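Text of the file query_17.txt, holding compact mmCIF, C-alpha atoms:
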# COMPACT_ATOMS: atom_id res chain seq x y z
CA MET K 15 106.93 193.37 50.88
CA PRO K 16 107.17 189.61 51.61
CA GLY K 17 104.52 188.55 54.09
CA GLU K 18 102.66 191.85 53.77
CA SER K 19 98.87 191.80 53.84
CA HIS K 20 97.15 193.31 50.83
CA ALA K 21 93.63 193.20 52.25
CA ASN K 22 93.29 196.96 52.59
CA ASP K 23 95.05 197.86 49.35
CA ALA K 24 91.97 198.94 47.42
CA THR K 25 93.13 201.95 45.48
CA HIS K 26 92.19 200.41 42.14
CA LEU K 27 88.59 199.55 43.01
CA PRO K 28 85.97 201.09 40.74
CA ARG K 29 83.63 203.72 42.13
CA ILE K 30 80.57 201.49 42.14
CA ARG K 31 78.19 202.48 44.88
CA GLY K 32 74.65 202.06 46.13
CA ALA K 33 72.03 200.52 43.90
CA LEU K 34 74.49 199.67 41.11
CA ARG K 35 76.68 197.61 43.43
CA ARG K 36 73.67 195.88 45.04
CA ARG K 37 72.36 194.98 41.59
CA ALA K 38 75.77 193.58 40.64
CA LEU K 39 75.91 191.41 43.77
CA THR K 40 72.39 190.10 43.13
CA LEU K 41 73.35 189.19 39.57
CA GLY K 42 76.34 187.37 41.05
CA TYR K 43 73.91 185.17 42.96
CA VAL K 44 71.95 184.40 39.78
CA ASN K 45 75.13 183.52 37.90
CA GLY K 46 76.21 181.26 40.77
CA VAL K 47 72.91 179.35 40.76
CA LEU K 48 72.85 178.72 37.01
CA TRP K 49 76.54 177.80 36.90
CA SER K 50 76.26 175.46 39.90
CA VAL K 51 73.37 173.44 38.45
CA GLY K 52 74.98 173.33 35.00
CA ASN K 53 78.33 172.29 36.43
CA GLY K 54 76.69 169.62 38.57
CA LEU K 55 75.10 168.03 35.49
CA THR K 56 78.29 168.12 33.40
CA THR K 57 80.90 166.89 35.90
CA GLY K 58 81.36 164.33 38.64
CA THR K 59 79.32 161.15 38.96
CA LEU K 60 77.53 161.36 35.60
CA VAL K 61 80.77 161.80 33.66
CA TYR K 62 82.67 159.14 35.62
CA TYR K 63 79.88 156.59 35.16
CA LEU K 64 79.72 157.47 31.46
CA ALA K 65 83.48 156.87 31.18
CA GLN K 66 83.12 153.47 32.84
CA GLU K 67 80.30 152.59 30.42
CA LEU K 68 82.83 153.37 27.66
CA GLY K 69 85.36 150.99 29.25
CA ALA K 70 87.46 153.19 31.58
CA LYS K 71 89.35 151.33 34.32
CA GLY K 72 91.60 152.57 37.13
CA THR K 73 94.32 154.30 35.11
CA ALA K 74 91.94 155.59 32.42
CA LEU K 75 89.53 156.95 35.04
CA GLY K 76 92.46 158.56 36.85
CA VAL K 77 93.49 160.24 33.59
CA LEU K 78 89.94 161.54 33.06
CA ILE K 79 89.88 163.04 36.56
CA ALA K 80 93.44 164.36 36.42
CA ALA K 81 93.93 165.67 32.88
CA PRO K 82 91.65 168.73 33.17
CA SER K 83 93.47 169.76 36.34
CA LEU K 84 96.90 169.32 34.76
CA ILE K 85 96.03 171.26 31.63
CA GLY K 86 94.69 173.95 33.92
CA LEU K 87 98.31 175.00 34.46
CA LEU K 88 97.86 177.01 31.27
CA ARG K 89 95.48 179.33 33.11
CA LEU K 90 98.64 181.11 34.29
CA ALA K 91 98.42 182.92 30.97
CA THR K 92 95.13 184.58 32.00
CA PRO K 93 96.68 187.84 33.29
CA ALA K 94 98.40 188.33 29.93
CA LEU K 95 95.11 187.66 28.07
CA ILE K 96 93.00 190.22 29.91
CA GLY K 97 94.32 193.18 27.92
CA PRO K 98 94.17 191.65 24.42
CA LEU K 99 90.71 190.16 25.07
CA GLY K 100 89.26 193.51 26.10
CA GLY K 101 89.37 193.55 29.90
CA ILE K 102 88.28 191.44 32.86
CA LYS K 103 84.60 191.17 31.91
CA ALA K 104 85.32 190.43 28.26
CA THR K 105 87.88 187.75 29.15
CA CYS K 106 85.42 186.03 31.48
CA LEU K 107 82.59 186.06 28.95
CA LYS K 108 84.60 185.07 25.86
CA ALA K 109 86.44 182.16 27.50
CA SER K 110 83.30 180.86 29.24
CA LEU K 111 81.16 181.09 26.09
CA ALA K 112 83.68 179.10 24.07
CA SER K 113 83.90 176.51 26.86
CA TYR K 114 80.16 175.96 27.18
CA LEU K 115 79.43 175.91 23.45
CA LEU K 116 82.14 173.28 22.99
CA LEU K 117 80.58 171.11 25.68
CA ALA K 118 77.03 171.47 24.36
CA ILE K 119 77.98 170.55 20.79
CA GLY K 120 80.99 168.28 21.29
CA LEU K 121 79.88 165.75 23.91
CA PRO K 122 77.00 164.25 21.90
CA GLY K 123 79.26 164.29 18.82
CA VAL K 124 82.20 162.37 20.29
CA THR K 125 80.12 159.76 22.14
CA LEU K 126 77.18 159.15 19.79
CA ALA K 127 78.81 159.34 16.36
CA PRO K 128 77.59 156.44 14.17
CA GLY K 129 79.94 153.46 14.22
CA ILE K 130 82.40 154.99 16.69
CA GLN K 131 84.41 152.53 18.79
CA ARG K 132 84.02 152.89 22.54
CA SER K 133 87.77 153.31 23.01
CA THR K 134 87.71 156.16 20.48
CA ALA K 135 84.69 157.70 22.19
CA LEU K 136 86.53 157.52 25.53
CA ALA K 137 89.55 159.30 24.04
CA GLY K 138 87.26 161.93 22.51
CA LEU K 139 85.50 162.43 25.85
CA LEU K 140 88.85 163.00 27.58
CA THR K 141 90.01 165.53 24.97
CA LEU K 142 86.71 167.40 25.04
CA ILE K 143 86.63 167.66 28.83
CA CYS K 144 90.22 168.96 28.90
CA VAL K 145 89.62 171.77 26.39
CA HIS K 146 86.27 172.68 27.97
CA GLN K 147 87.80 172.88 31.44
CA LEU K 148 90.81 174.90 30.30
CA LEU K 149 88.61 177.56 28.75
CA GLU K 150 86.41 177.61 31.85
CA TYR K 151 89.49 177.97 34.07
CA VAL K 152 90.54 181.10 32.17
CA GLY K 153 87.03 182.49 32.55
CA SER K 154 86.94 181.68 36.28
CA VAL K 155 90.24 183.47 37.00
CA ALA K 156 88.78 186.58 35.38
CA LEU K 157 85.49 186.10 37.26
CA TRP K 158 87.14 185.94 40.69
CA SER K 159 89.22 189.00 39.92
CA TRP K 160 85.99 190.72 38.84
CA LEU K 161 84.08 189.70 41.99
CA SER K 162 86.97 190.73 44.24
CA ALA K 163 86.53 194.28 42.94
CA LEU K 164 82.74 194.26 43.32
CA VAL K 165 82.35 192.62 46.76
CA PRO K 166 83.54 194.77 49.71
CA VAL K 167 86.16 193.04 51.86
CA ARG K 168 84.14 193.40 55.07
CA ILE K 169 81.26 191.23 53.77
CA ARG K 170 83.05 188.77 51.49
CA GLY K 171 82.64 185.79 53.83
CA ARG K 172 78.91 186.37 54.23
CA TYR K 173 78.45 187.10 50.53
CA PHE K 174 80.19 183.94 49.36
CA GLY K 175 78.33 181.99 52.05
CA ARG K 176 74.95 183.23 50.84
CA ARG K 177 75.99 182.65 47.23
CA GLN K 178 76.72 179.03 48.06
CA VAL K 179 73.37 178.61 49.84
CA TRP K 180 71.53 179.69 46.68
CA GLN K 181 73.72 177.43 44.56
CA LEU K 182 73.01 174.39 46.72
CA LEU K 183 69.29 175.14 47.00
CA PHE K 184 68.85 174.70 43.25
CA LEU K 185 71.59 172.10 42.71
CA MET K 186 70.09 169.54 45.09
CA PRO K 187 66.81 168.87 43.21
CA ALA K 188 68.72 168.94 39.90
CA LEU K 189 71.06 166.17 41.09
CA PHE K 190 68.12 164.12 42.35
CA LEU K 191 66.21 164.41 39.10
CA SER K 192 69.25 163.66 36.94
CA GLY K 193 70.18 160.61 39.00
CA ARG K 194 66.63 159.29 38.87
CA PHE K 195 66.45 159.91 35.13
CA THR K 196 69.75 158.13 34.42
CA ASP K 197 68.98 155.07 36.55
CA ASP K 198 65.47 154.74 35.07
CA TRP K 199 66.88 155.10 31.56
CA LYS K 200 69.45 152.37 32.22
CA GLN K 201 66.79 150.02 33.56
CA THR K 202 64.67 150.62 30.45
CA TYR K 203 67.31 150.22 27.73
CA LYS K 204 70.20 148.20 29.20
CA GLU K 205 68.84 144.86 28.01
CA SER K 206 66.55 145.72 25.09
CA GLN K 207 68.47 148.56 23.39
CA PRO K 208 71.99 148.84 24.84
CA GLU K 209 73.02 151.17 22.02
CA ARG K 210 70.72 153.82 23.53
CA LEU K 211 72.16 153.45 27.03
CA LEU K 212 74.60 156.34 26.68
CA LEU K 213 71.74 158.77 26.07
CA GLY K 214 70.87 158.43 29.75
CA TYR K 215 74.10 160.29 30.49
CA ILE K 216 74.20 162.59 27.46
CA ILE K 217 70.75 164.15 27.91
CA PRO K 218 71.39 165.52 31.46
CA ASN K 219 74.79 166.71 30.26
CA CYS K 220 73.25 168.71 27.41
CA VAL K 221 70.73 170.26 29.81
CA GLY K 222 73.66 171.22 32.05
CA ALA K 223 75.53 172.79 29.14
CA GLY K 224 72.44 174.89 28.37
CA LEU K 225 72.34 176.14 31.95
CA LEU K 226 76.04 177.00 31.81
CA LEU K 227 75.34 179.13 28.75
CA ALA K 228 72.41 180.76 30.58
CA SER K 229 74.73 181.60 33.48
CA LEU K 230 76.50 184.11 31.24
CA VAL K 231 73.38 186.28 30.89
CA PRO K 232 73.62 187.85 34.39
CA LEU K 233 77.34 188.41 33.83
CA VAL K 234 76.56 190.40 30.68
CA MET K 235 74.35 192.64 32.84
CA MET K 236 76.97 193.21 35.56
CA PRO K 237 79.15 196.35 35.46
CA ASP K 238 82.70 195.97 34.23
CA VAL K 239 85.69 196.96 36.35
CA PRO K 240 88.88 198.55 35.05
CA ALA K 241 91.65 196.19 34.01
CA PRO K 242 94.72 196.50 36.24
CA ARG K 243 97.06 199.33 35.27
CA ARG K 244 100.28 197.38 35.24
CA ARG K 245 103.03 199.76 36.36
CA ALA K 246 106.63 198.72 35.83
CA SER K 247 106.86 197.47 39.41
CA MET K 248 103.74 195.35 38.88
CA THR K 249 104.44 193.76 35.52
CA ARG K 250 105.57 190.52 37.12
CA ARG K 251 103.25 190.42 40.15
CA TRP K 252 103.46 186.76 41.18
CA PRO K 253 103.34 185.34 44.71
CA VAL K 254 106.84 183.81 44.79
CA GLY K 255 108.26 186.44 47.18
CA ASP K 256 105.13 186.83 49.31
CA LEU K 257 105.56 184.85 52.55
CA ALA K 258 101.88 184.69 53.55
CA PHE K 259 100.67 183.74 50.09
CA ARG K 260 103.52 181.27 49.62
CA ARG K 261 102.44 179.40 52.76
CA LEU K 262 98.87 179.38 51.46
CA LEU K 263 100.19 177.83 48.24
CA VAL K 264 101.99 175.11 50.24
CA TYR K 265 98.73 174.20 51.93
CA ARG K 266 96.82 174.28 48.66
CA ALA K 267 99.34 171.96 47.02
CA TRP K 268 99.29 169.53 49.97
CA PHE K 269 95.52 169.42 50.23
CA SER K 270 94.95 169.08 46.49
CA PHE K 271 97.56 166.35 46.10
CA PHE K 272 96.27 164.16 48.88
CA ASN K 273 92.66 164.91 48.02
CA GLY K 274 93.31 163.32 44.63
CA ILE K 275 95.32 160.25 45.66
CA SER K 276 92.20 158.20 46.42
CA GLN K 277 89.82 159.58 43.79
CA ALA K 278 90.10 156.69 41.31
CA ALA K 279 89.66 154.16 44.13
CA GLN K 280 86.62 156.03 45.48
CA ASN K 281 84.81 156.20 42.14
CA ILE K 282 85.58 152.57 41.27
CA TYR K 283 84.62 151.33 44.74
CA VAL K 284 81.04 152.62 44.56
CA TYR K 285 80.75 151.01 41.11
CA VAL K 286 82.06 147.71 42.54
CA LEU K 287 79.63 147.93 45.46
CA GLY K 288 76.78 148.14 42.92
CA ILE K 289 75.58 151.56 44.08
CA GLY K 290 73.65 153.22 41.25
CA VAL K 291 73.71 156.80 40.03
CA LEU K 292 70.57 157.80 41.97
CA PRO K 293 71.80 156.54 45.38
CA MET K 294 75.12 158.30 44.79
CA GLN K 295 73.29 161.47 43.87
CA MET K 296 71.16 161.12 47.01
CA MET K 297 74.29 160.94 49.17
CA GLN K 298 75.63 164.00 47.43
CA LEU K 299 72.29 165.70 48.05
CA GLY K 300 72.62 164.95 51.76
CA MET K 301 76.12 166.44 51.73
CA ARG K 302 74.96 169.54 49.91
CA GLY K 303 72.01 169.90 52.27
CA GLY K 304 74.49 169.96 55.13
CA GLN K 305 76.60 172.48 53.23
CA MET K 306 73.58 174.69 52.65
CA ALA K 307 72.81 174.69 56.38
CA LEU K 308 76.45 175.40 57.28
CA SER K 309 77.19 178.04 54.63
CA PRO K 310 75.83 181.08 56.53
CA LEU K 311 77.62 179.92 59.68
CA ALA K 312 80.91 179.46 57.83
CA GLY K 313 80.58 182.86 56.15
CA ARG K 314 79.87 184.69 59.43
CA ALA K 315 82.66 182.83 61.21
CA SER K 316 85.18 183.76 58.51
CA ASP K 317 84.26 187.46 58.81
CA ARG K 318 84.35 187.32 62.63
CA PHE K 319 87.24 185.00 63.50
CA GLY K 320 89.18 184.87 60.23
CA ASN K 321 89.39 182.21 57.55
CA ARG K 322 92.17 180.12 59.05
CA PRO K 323 90.28 178.63 62.07
CA VAL K 324 87.30 177.74 59.85
CA LEU K 325 89.64 176.07 57.38
CA GLU K 326 91.40 174.09 60.13
CA LEU K 327 88.15 172.67 61.53
CA SER K 328 86.80 171.91 58.06
CA GLN K 329 90.03 170.19 57.01
CA ALA K 330 89.97 167.89 60.04
CA LEU K 331 86.36 166.83 59.41
CA VAL K 332 86.93 166.27 55.68
CA ALA K 333 89.89 164.01 56.47
CA LEU K 334 87.74 161.77 58.68
CA GLY K 335 85.24 161.17 55.87
CA LEU K 336 87.38 158.53 54.12
CA LEU K 337 87.20 156.32 57.22
CA PHE K 338 83.66 155.44 56.15
CA TYR K 339 84.87 154.24 52.74
CA PHE K 340 87.37 152.11 54.65
CA LEU K 341 84.54 150.60 56.73
CA ALA K 342 82.25 149.90 53.75
CA SER K 343 82.13 146.43 52.17
CA PRO K 344 79.92 144.52 49.72
CA GLU K 345 78.04 143.17 52.74
CA HIS K 346 77.70 146.64 54.31
CA PRO K 347 77.94 149.16 51.43
CA TRP K 348 76.03 151.97 53.08
CA TRP K 349 78.82 152.82 55.50
CA ILE K 350 80.00 155.24 52.82
CA THR K 351 76.98 157.42 53.63
CA GLY K 352 78.91 158.66 56.66
CA ALA K 353 81.63 160.04 54.41
CA TRP K 354 79.18 162.31 52.64
CA VAL K 355 77.87 163.55 56.01
CA PHE K 356 81.39 164.53 57.09
CA TRP K 357 82.10 166.02 53.67
CA SER K 358 79.48 168.66 54.37
CA ALA K 359 82.50 170.35 56.00
CA TYR K 360 83.84 171.05 52.50
CA VAL K 361 81.66 174.15 52.71
CA GLY K 362 84.24 175.78 54.97
CA LEU K 363 86.97 175.06 52.44
CA ASN K 364 84.87 176.27 49.51
CA ILE K 365 84.09 179.61 51.13
CA CYS K 366 87.23 180.36 53.09
CA LEU K 367 89.86 179.23 50.59
CA THR K 368 88.51 181.72 48.07
CA ASN K 369 88.18 184.38 50.74
CA ILE K 370 91.71 184.00 52.16
CA MET K 371 93.17 183.88 48.65
CA LEU K 372 91.56 187.23 47.79
CA LYS K 373 92.48 188.63 51.21
CA LEU K 374 96.19 187.82 50.90
CA ALA K 375 96.51 188.79 47.23
CA PRO K 376 97.24 192.42 46.23
CA SER K 377 93.85 193.84 45.26
CA GLN K 378 95.30 196.22 42.66
CA ASP K 379 96.63 193.36 40.49
CA ASN K 380 95.46 189.98 41.74
CA ALA K 381 94.92 188.00 38.52
CA GLY K 382 98.42 186.49 38.67
CA TYR K 383 97.91 185.44 42.29
CA ILE K 384 94.52 183.88 41.52
CA ALA K 385 95.89 182.03 38.48
CA SER K 386 98.89 180.72 40.46
CA PHE K 387 96.67 179.56 43.33
CA GLU K 388 94.22 177.71 41.08
CA ALA K 389 96.89 176.31 38.73
CA LEU K 390 99.04 174.90 41.54
CA GLY K 391 96.04 173.23 43.14
CA GLY K 392 94.94 171.79 39.80
CA VAL K 393 98.38 170.41 38.93
CA ALA K 394 98.82 168.85 42.39
CA TYR K 395 95.36 167.27 42.19
CA GLY K 396 95.91 166.04 38.65
CA LEU K 397 99.29 164.45 39.36
CA SER K 398 98.04 162.72 42.48
CA THR K 399 94.95 161.40 40.69
CA LEU K 400 97.14 159.91 37.98
CA ALA K 401 99.44 158.43 40.61
CA GLY K 402 96.46 157.11 42.58
CA GLY K 403 94.92 155.46 39.51
CA TYR K 404 98.23 153.87 38.54
CA LEU K 405 98.90 152.72 42.11
CA PHE K 406 95.38 151.29 42.36
CA ASP K 407 95.89 149.21 39.21
CA ARG K 408 99.28 147.93 40.42
CA LEU K 409 97.94 146.96 43.86
CA ARG K 410 94.91 145.29 42.30
CA ASP K 411 97.00 143.33 39.79
CA ALA K 412 99.35 142.23 42.57
CA HIS K 413 96.31 141.06 44.62
CA PHE K 414 97.51 143.21 47.51
CA HIS K 415 96.20 141.96 50.85
CA THR K 416 97.41 142.37 54.42
CA SER K 417 96.03 142.81 57.91
CA LEU K 418 96.34 145.58 60.48
CA GLY K 419 95.39 144.77 64.06
CA GLY K 420 93.17 141.95 62.85
CA ILE K 421 91.51 144.15 60.20
CA GLU K 422 91.86 142.95 56.62
CA ILE K 423 93.40 145.55 54.27
CA ASP K 424 93.04 145.29 50.47
CA HIS K 425 94.06 147.62 47.64
CA PHE K 426 91.02 149.84 48.22
CA ALA K 427 91.49 150.10 51.98
CA ILE K 428 95.18 151.05 51.89
CA LEU K 429 94.47 154.01 49.62
CA PHE K 430 91.60 155.14 51.86
CA LEU K 431 93.84 155.00 54.96
CA VAL K 432 96.59 156.96 53.22
CA GLY K 433 93.99 159.58 52.29
CA VAL K 434 92.76 159.93 55.89
CA ILE K 435 96.22 160.46 57.35
CA THR K 436 97.58 162.81 54.71
CA ARG K 437 94.45 164.95 54.55
CA ALA K 438 94.50 165.36 58.32
CA LEU K 439 98.09 166.64 58.17
CA GLY K 440 96.85 169.58 56.10
CA VAL K 441 95.83 171.24 59.40
CA VAL K 442 99.56 171.62 60.17
CA TRP K 443 100.14 173.67 57.04
CA LEU K 444 97.06 175.80 57.69
CA ALA K 445 98.36 176.75 61.14
CA ARG K 446 101.45 178.31 59.49
CA ILE K 447 99.52 180.80 57.34
CA PRO K 448 99.90 184.33 58.83
CA GLU K 449 96.41 185.69 58.15
CA PRO K 450 96.01 189.27 59.44
CA GLY K 451 93.18 189.56 61.96
CA ALA K 452 92.57 185.81 62.27
CA TRP K 453 91.98 184.31 65.72
CA ARG K 454 93.74 181.26 67.09
CA TRP K 455 91.67 178.42 68.49
CA ARG K 456 92.79 179.13 72.06
CA GLU K 457 91.41 182.67 71.72
CA ILE K 458 88.12 181.47 70.29
CA LEU K 459 87.63 178.93 73.07
CA LYS K 460 88.61 181.30 75.90
CA ARG K 461 86.45 184.29 75.01
CA ARG K 462 84.30 185.82 72.33
CA PRO K 463 85.39 188.87 70.36
CA SER K 464 83.99 192.23 71.40
So, in terms of structure tokens, how does the structure I just supplied come out?
Amino acid sequence: MPGESHANDATHLPRIRGALRRRALTLGYVNGVLWSVGNGLTTGTLVYYLAQELGAKGTALGVLIAAPSLIGLLRLATPALIGPLGGIKATCLKASLASYLLLAIGLPGVTLAPGIQRSTALAGLLTLICVHQLLEYVGSVALWSWLSALVPVRIRGRYFGRRQVWQLLFLMPALFLSGRFTDDWKQTYKESQPERLLLGYIIPNCVGAGLLLASLVPLVMMPDVPAPRRRASMTRRWPVGDLAFRRLLVYRAWFSFFNGISQAAQNIYVYVLGIGVLPMQMMQLGMRGGQMALSPLAGRASDRFGNRPVLELSQALVALGLLFYFLASPEHPWWITGAWVFWSAYVGLNICLTNIMLKLAPSQDNAGYIASFEALGGVAYGLSTLAGGYLFDRLRDAHFHTSLGGIEIDHFAILFLVGVITRALGVVWLARIPEPGAWRWREILKRRPS
């Protein structure tokens, strides 16, 4: 029924009990740690700096950020692939293995081939990242469907919170070491052997690809769960007619779109300010340290009060982070540190968005819901990143400059202000999601639950 909660619909769950389930959940932690470190070394700052070394500007960088998200729309085919590929576990492992092997072999090939032009290398990098991400998206849809069957509903918030703590604990030193390595490598070879400069980015990436491959080992050891038995009434189980899930999709689209509108400007701005890879990694480390401290709290709060209030508070804090990019300048570049402090609140979004998605989806056949949720967010983020990169280039070329209350506004600042306002409005959409059992803020502030 539209608007119906599916949280207690667990008739399809496998009979996995006791020690076998505990072992599976522990292996889920191990997978999360290895994947998190590998993903951290193969995405984000290292890749964006590498692209700029290859000549990427506003629009090109926007395409690099956006294209993997846009092509992720194809993950909607995942529910139809589960049967032919041999089930949920097999789909996860096969798609992920292909993704990680492609990254490990392809990235050095497309960027370091003898005599390759940098423009050609940039195009090859974009193509490689798109295919790698698409395959990983298919694997991740299967993984979340798999975990939703293995993790009991009553402890999902705490489980995903603890999983994120372990991920961050190992990711933080990895980001520090990779940033230090890349900056030291650049200092050593930038002047004397510029042709070797790209290796400073490629080596950490290859290490990350190896860790991604290693993350599949604990998944091999985890018990499989039955593929959904798709009755006639379930053959087209998509969230279009589900009121609660549809409102969640509206929020996801809004948040993803306006989270992407300033991405090109953000990544170019730190480059313009002259902030190196290591300082950027250190700011990310500070953010992830805050996330690690907040993860258990966010997990317990989601189990106790519901996901919606945690999401609303996190969304408001995340929106305020871009104000620090607005305040930063070449004379005072370190204002942006404040943004990464506030972005520790992303932990609430990371934990509770997954949790509320699984809570509102029908547990007996949730792959279509998961694929729709992730695909819509990816497309919205990709389109807005493209639009943001294009808008940034147009404002820059037009030498955009104005003032607001005596404050000078340039092409960077206007995009940061738009991001603050539109991200903050995401709280409005969150308030409309009818999550069963969730508290309202007035209830939380008046009294504590019994």
Please report, as lines of an AutoDock Vina configuration file, the centre and edge lengths in Å to one decimal of an axis-aligned box covering all listed atoms of stretch 285-302 of chain K with 8 Å per side.
center_x = 76.3
center_y = 158.6
center_z = 45.9
size_x = 27.5
size_y = 37.8
size_z = 27.7
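Of the residues under consideration (K:Ala330, K:Leu90, K:Ala315, K:Met371), K:Ala330 shows the shortest atom-to-atom contact distance to K:Arg437 when counting only C-alpha atoms.
Nearest to K:Gln280 of all the residues K:Arg170, K:Arg176, K:His425, K:Lys373 is K:His425, counting all atoms listed in the file.
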Query - Option closest in space to K:Leu75, from K:Leu363, K:Ala438, K:Leu226, K:Ala401 [counting only C-alpha atoms] - result: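 With only C-alpha atoms as the atom set, the closest residue is K:Ala401.
Between atom CA of K:Leu48 and atom CA of K:Leu225 the separation is 5.7 Å.
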Requested in this report: Have a look at atom CA of K:Pro166 and atom CA of K:Arg446 and let me know their distance in Å, one decimal.
Outcome: 26.2 Å
Requested in this report: Select, counting all atoms listed in the file, all protein, DNA and RNA residues no farther than 10 Å from (75.9, 186.0, 31.9) in file coordinates, and express the selection as an MDAnalysis selection string.
Outcome: chainID K and resid 41:42 44:45 48:49 106:107 110:111 226:236
**Report entry** Proximity to K:Gln329 - best of K:Leu439, K:Val286, K:Leu126, K:Leu459, all atoms listed in the file
**Finding:**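 For K:Gln329, the nearest of the candidates is K:Leu439.
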Requested in this report: One decimal, Å: what's the distance from atom CA of K:Leu327 over to atom CA of K:Trp357, could you say?
Outcome: 11.9 Å
Query - Shortest interatomic distance to K:Leu213 - which of K:Gly171, K:Gly123, K:Pro310, K:Gly274, counting all atoms listed in the file - result: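 The answer is K:Gly123, which sits nearest to K:Leu213.
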Query raised in the report: Nearest to K:Leu211: which of K:Ile370, K:Leu64, K:Leu164, K:Leu139 is it, counting only C-alpha atoms?
Result: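 For K:Leu211, the nearest of the candidates is K:Leu64.
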Query - Near-stretch 145-158 of chain K list (7 Å; all atoms listed in the file; drop same-chain fewer than 4 positions) as a list in words - result: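 Answer for this query is Pro82, Ile85, Gly86, Arg89, Thr92, Ile102, Thr105, Cys106, Leu107, Ala109, Ser110, Ala112, Ser113, Tyr114, Leu116, Leu117, Thr141, Ser162, Ala381, Ile384 and Ala385 of chain K.
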